[in-house]
Amino acid sequence: MESKLDKLFEAKPKPVIWIEGIIGCGKTTLTKSISRKLDFRAIYEPVNLELLEMFYKDQDRWAFAMQIDLLHRRYALQKLGSFESITGQGVVIDRGLPGDRVFAKMLYKAGKMDRIEWAIYERAYSVMTNSLIPPSVIIFMEVSPEIAQQRIKNRDRQAERGDLVPLAYLQELEYGYLELLSEIESAYPAWSRGMKVIKLPFNTSDESDESISKVIGIIQGLL
């Protein structure tokens, strides 16, 4: 006799969508829009506000702690997303593990994580990415660092006030993301093979509305 669990795993897997972009690009807005319009589960970026504020004030001291904490939190949430997908629930995730690595790599290059810390991070990252269901689509939100910085000021989070997120930092993040996208499009990481990458302009409200409609149509074609 077929059990409820058997029926659950007979469900057709649904898409897993990763939303990527620099701080302040509007990932949460897009994640909400997709989840509401397609009835997908939304998984939002985990934020430890206390640690985030400590990190911004003293990156040399807190860079490794911040990144390894975020990596483990994201992994736990994305394992949940993987399970939801194979049981028939579409999932949209506010920043995936590769996006997290963009931040960590930038900190390592800047000397804020040492060689041993980077090796520990890379080992954990490799184990985690290889045990996740790869996303069907990665959406990269194209927003200029200048506009992202203004959005950060407008949302007025305590941990981001003042000059704690300088323009140069956002510019470095943008470069790191472009480097990541180049790797994915060349299928360099094994987990990225056959994955669709969508670049969405999100600088203005008109661009945002058009981009949301476009990506909804693309995802519906995967259902």
# chains A, B, ... in the order shown; residues from 1 in each chain; ligands from 1
call {"tool": "closest_atom_pairs", "arguments": {"of": "region 59-143 of chain A", "to": "region 147-152 of chain A", "cutoff": "12 Å", "atoms": "only C-alpha atoms", "output": "Markdown table"}}
result
| residue | atom | partner | partner_atom | distance |
| --- | --- | --- | --- | --- |
| A:Met141 | CA | A:Ala148 | CA | 10.8 |
| A:Glu142 | CA | A:Ala148 | CA | 10.0 |
| A:Val143 | CA | A:Ala148 | CA | 6.5 |
call {"tool": "write_last_selection", "arguments": {"atoms": "N, CA and C atoms", "output": "short mmCIF file (atom, residue, chain, number, x, y, z; two decimals), in the first residue's frame"}}
result
data_model
loop_
_atom_site.label_atom_id
_atom_site.label_comp_id
_atom_site.auth_asym_id
_atom_site.auth_seq_id
_atom_site.Cartn_x
_atom_site.Cartn_y
_atom_site.Cartn_z
N MET A 141 20.92 40.65 -10.37
CA MET A 141 20.27 41.95 -10.47
C MET A 141 21.32 43.01 -10.80
N GLU A 142 21.19 43.60 -11.95
CA GLU A 142 22.15 44.61 -12.41
C GLU A 142 21.75 45.99 -11.87
N VAL A 143 22.45 46.40 -10.84
CA VAL A 143 22.19 47.70 -10.20
C VAL A 143 23.54 48.38 -9.99
#
call {"tool": "select_by_dssp", "arguments": {"residues": "region 3-192 of chain A", "states": "strand (DSSP E or B)", "output": "list in words"}}
result
Val16, Ile17, Trp18, Ile19, Glu20, Arg41, Ala42, Ile43, Val91, Val92, Ile93, Asp94, Val137, Ile138, Ile139, Phe140, Met141 and Glu142 of chain A
call {"tool": "residues_around", "arguments": {"residues": "Leu70 (chain A)", "least_positions_apart": "4", "cutoff": "9 Å", "atoms": "only C-alpha atoms", "output": "list of chain:residue names"}}
result
A:Glu45, A:Pro46, A:Val47, A:Asn48, A:Ala65, A:Met66, A:Arg74, A:Tyr75, A:Asp100
call {"tool": "closest_residue", "arguments": {"among": "A:Met195, A:Leu97, A:Ala104, A:Ile22", "to": "His72 (chain A)", "atoms": "only C-alpha atoms"}}
result
A:Leu97
call {"tool": "residues_around", "arguments": {"residues": "Ala119 (chain A)", "least_positions_apart": "6", "cutoff": "12 Å", "atoms": "only C-alpha atoms", "output": "ChimeraX atom specification"}}
result
/A:64,68,104-105,108,113,125-126
call {"tool": "closest_residue", "arguments": {"among": "A:Glu84, A:Glu210, A:Glu20, A:Glu172", "to": "Arg41 (chain A)", "atoms": "only C-alpha atoms"}}
result
A:Glu84
call {"tool": "select_by_dssp", "arguments": {"residues": "chain A", "states": "helix (DSSP H, G or I)", "output": "PyMOL selection string"}}
result
chain A and resi 4-9+27-38+49-57+59-86+97-109+115-129+145-155+158-160+167-185+190-192+205-220
call {"tool": "closest_residue", "arguments": {"among": "A:Leu181, A:Val102, A:Ile43, A:Arg155", "to": "Leu80 (chain A)", "atoms": "only C-alpha atoms"}}
result
A:Ile43
call {"tool": "decode", "arguments": {"residues": "region 117-221 of chain A", "atoms": "C-alpha atoms", "output": "short mmCIF file (atom, residue, chain, number, x, y, z; two decimals), in the first residue's frame"}}
result
data_model
loop_
_atom_site.label_atom_id
_atom_site.label_comp_id
_atom_site.auth_asym_id
_atom_site.auth_seq_id
_atom_site.Cartn_x
_atom_site.Cartn_y
_atom_site.Cartn_z
CA GLU A 117 40.92 31.05 7.45
CA TRP A 118 40.38 31.10 3.69
CA ALA A 119 41.35 27.41 3.44
CA ILE A 120 38.83 26.53 6.18
CA TYR A 121 36.13 28.57 4.42
CA GLU A 122 36.87 27.00 1.01
CA ARG A 123 36.75 23.47 2.43
CA ALA A 124 33.37 24.09 4.06
CA TYR A 125 32.05 25.82 0.92
CA SER A 126 33.09 22.93 -1.32
CA VAL A 127 31.41 20.30 0.87
CA MET A 128 28.23 22.35 1.09
CA THR A 129 27.84 23.25 -2.59
CA ASN A 130 28.43 19.64 -3.63
CA SER A 131 25.60 18.43 -1.40
CA LEU A 132 22.96 20.93 -2.59
CA ILE A 133 20.57 20.63 -5.52
CA PRO A 134 21.89 23.18 -8.04
CA PRO A 135 19.45 25.99 -8.84
CA SER A 136 17.50 25.91 -12.09
CA VAL A 137 18.16 29.61 -12.55
CA ILE A 138 20.48 32.22 -11.07
CA ILE A 139 19.12 35.76 -11.38
CA PHE A 140 21.72 38.51 -11.17
CA MET A 141 20.27 41.95 -10.47
CA GLU A 142 22.15 44.61 -12.41
CA VAL A 143 22.19 47.70 -10.20
CA SER A 144 24.90 50.35 -10.19
CA PRO A 145 26.89 50.67 -6.93
CA GLU A 146 25.81 54.33 -6.70
CA ILE A 147 22.10 53.45 -6.76
CA ALA A 148 22.63 50.52 -4.40
CA GLN A 149 24.35 52.84 -1.92
CA GLN A 150 21.39 55.24 -2.02
CA ARG A 151 18.97 52.36 -1.39
CA ILE A 152 21.06 51.28 1.60
CA LYS A 153 20.78 54.80 3.01
CA ASN A 154 17.03 54.85 2.38
CA ARG A 155 16.36 51.60 4.23
CA ASP A 156 18.33 52.99 7.19
CA ARG A 157 19.43 49.81 8.96
CA GLN A 158 21.29 50.48 12.21
CA ALA A 159 24.17 48.21 11.15
CA GLU A 160 24.62 50.11 7.86
CA ARG A 161 24.35 53.73 9.00
CA GLY A 162 27.00 56.36 8.45
CA ASP A 163 29.81 55.38 6.11
CA LEU A 164 29.87 51.70 7.08
CA VAL A 165 29.10 50.59 3.48
CA PRO A 166 31.30 52.82 1.31
CA LEU A 167 30.92 53.09 -2.45
CA ALA A 168 34.31 51.45 -3.02
CA TYR A 169 33.11 48.35 -1.15
CA LEU A 170 30.03 48.06 -3.40
CA GLN A 171 32.18 48.54 -6.49
CA GLU A 172 34.43 45.69 -5.38
CA LEU A 173 31.38 43.50 -4.82
CA GLU A 174 30.13 44.26 -8.32
CA TYR A 175 33.50 43.20 -9.77
CA GLY A 176 33.44 40.01 -7.69
CA TYR A 177 29.98 39.14 -8.95
CA LEU A 178 30.93 39.72 -12.57
CA GLU A 179 33.87 37.37 -12.03
CA LEU A 180 31.52 34.74 -10.55
CA LEU A 181 29.06 35.04 -13.45
CA SER A 182 31.90 34.60 -15.93
CA GLU A 183 32.91 31.37 -14.18
CA ILE A 184 29.33 30.06 -14.16
CA GLU A 185 28.73 30.89 -17.81
CA SER A 186 31.89 28.97 -18.72
CA ALA A 187 30.63 26.04 -16.59
CA TYR A 188 33.81 26.17 -14.50
CA PRO A 189 32.19 25.05 -11.22
CA ALA A 190 30.79 21.54 -11.72
CA TRP A 191 27.51 22.46 -10.00
CA SER A 192 26.81 25.21 -12.55
CA ARG A 193 26.69 23.07 -15.70
CA GLY A 194 23.43 23.47 -17.61
CA MET A 195 22.29 26.28 -15.33
CA LYS A 196 20.49 29.33 -16.73
CA VAL A 197 21.82 32.77 -15.79
CA ILE A 198 19.50 35.77 -16.17
CA LYS A 199 20.80 39.32 -15.83
CA LEU A 200 18.06 41.77 -14.84
CA PRO A 201 18.37 45.58 -14.94
CA PHE A 202 16.96 46.88 -11.64
CA ASN A 203 18.09 50.51 -11.43
CA THR A 204 14.68 52.19 -11.76
CA SER A 205 11.08 51.33 -10.93
CA ASP A 206 10.30 50.97 -14.65
CA GLU A 207 13.20 48.56 -15.08
CA SER A 208 12.10 46.70 -11.96
CA ASP A 209 8.52 46.17 -13.17
CA GLU A 210 9.68 45.02 -16.59
CA SER A 211 12.34 42.72 -15.12
CA ILE A 212 9.90 41.08 -12.69
CA SER A 213 7.47 40.33 -15.52
CA LYS A 214 10.29 38.92 -17.64
CA VAL A 215 11.64 36.60 -14.98
CA ILE A 216 8.16 35.37 -13.99
CA GLY A 217 7.60 34.33 -17.60
CA ILE A 218 10.91 32.48 -17.76
CA ILE A 219 10.29 30.60 -14.52
CA GLN A 220 6.74 29.67 -15.57
CA GLY A 221 8.29 28.02 -18.62
#
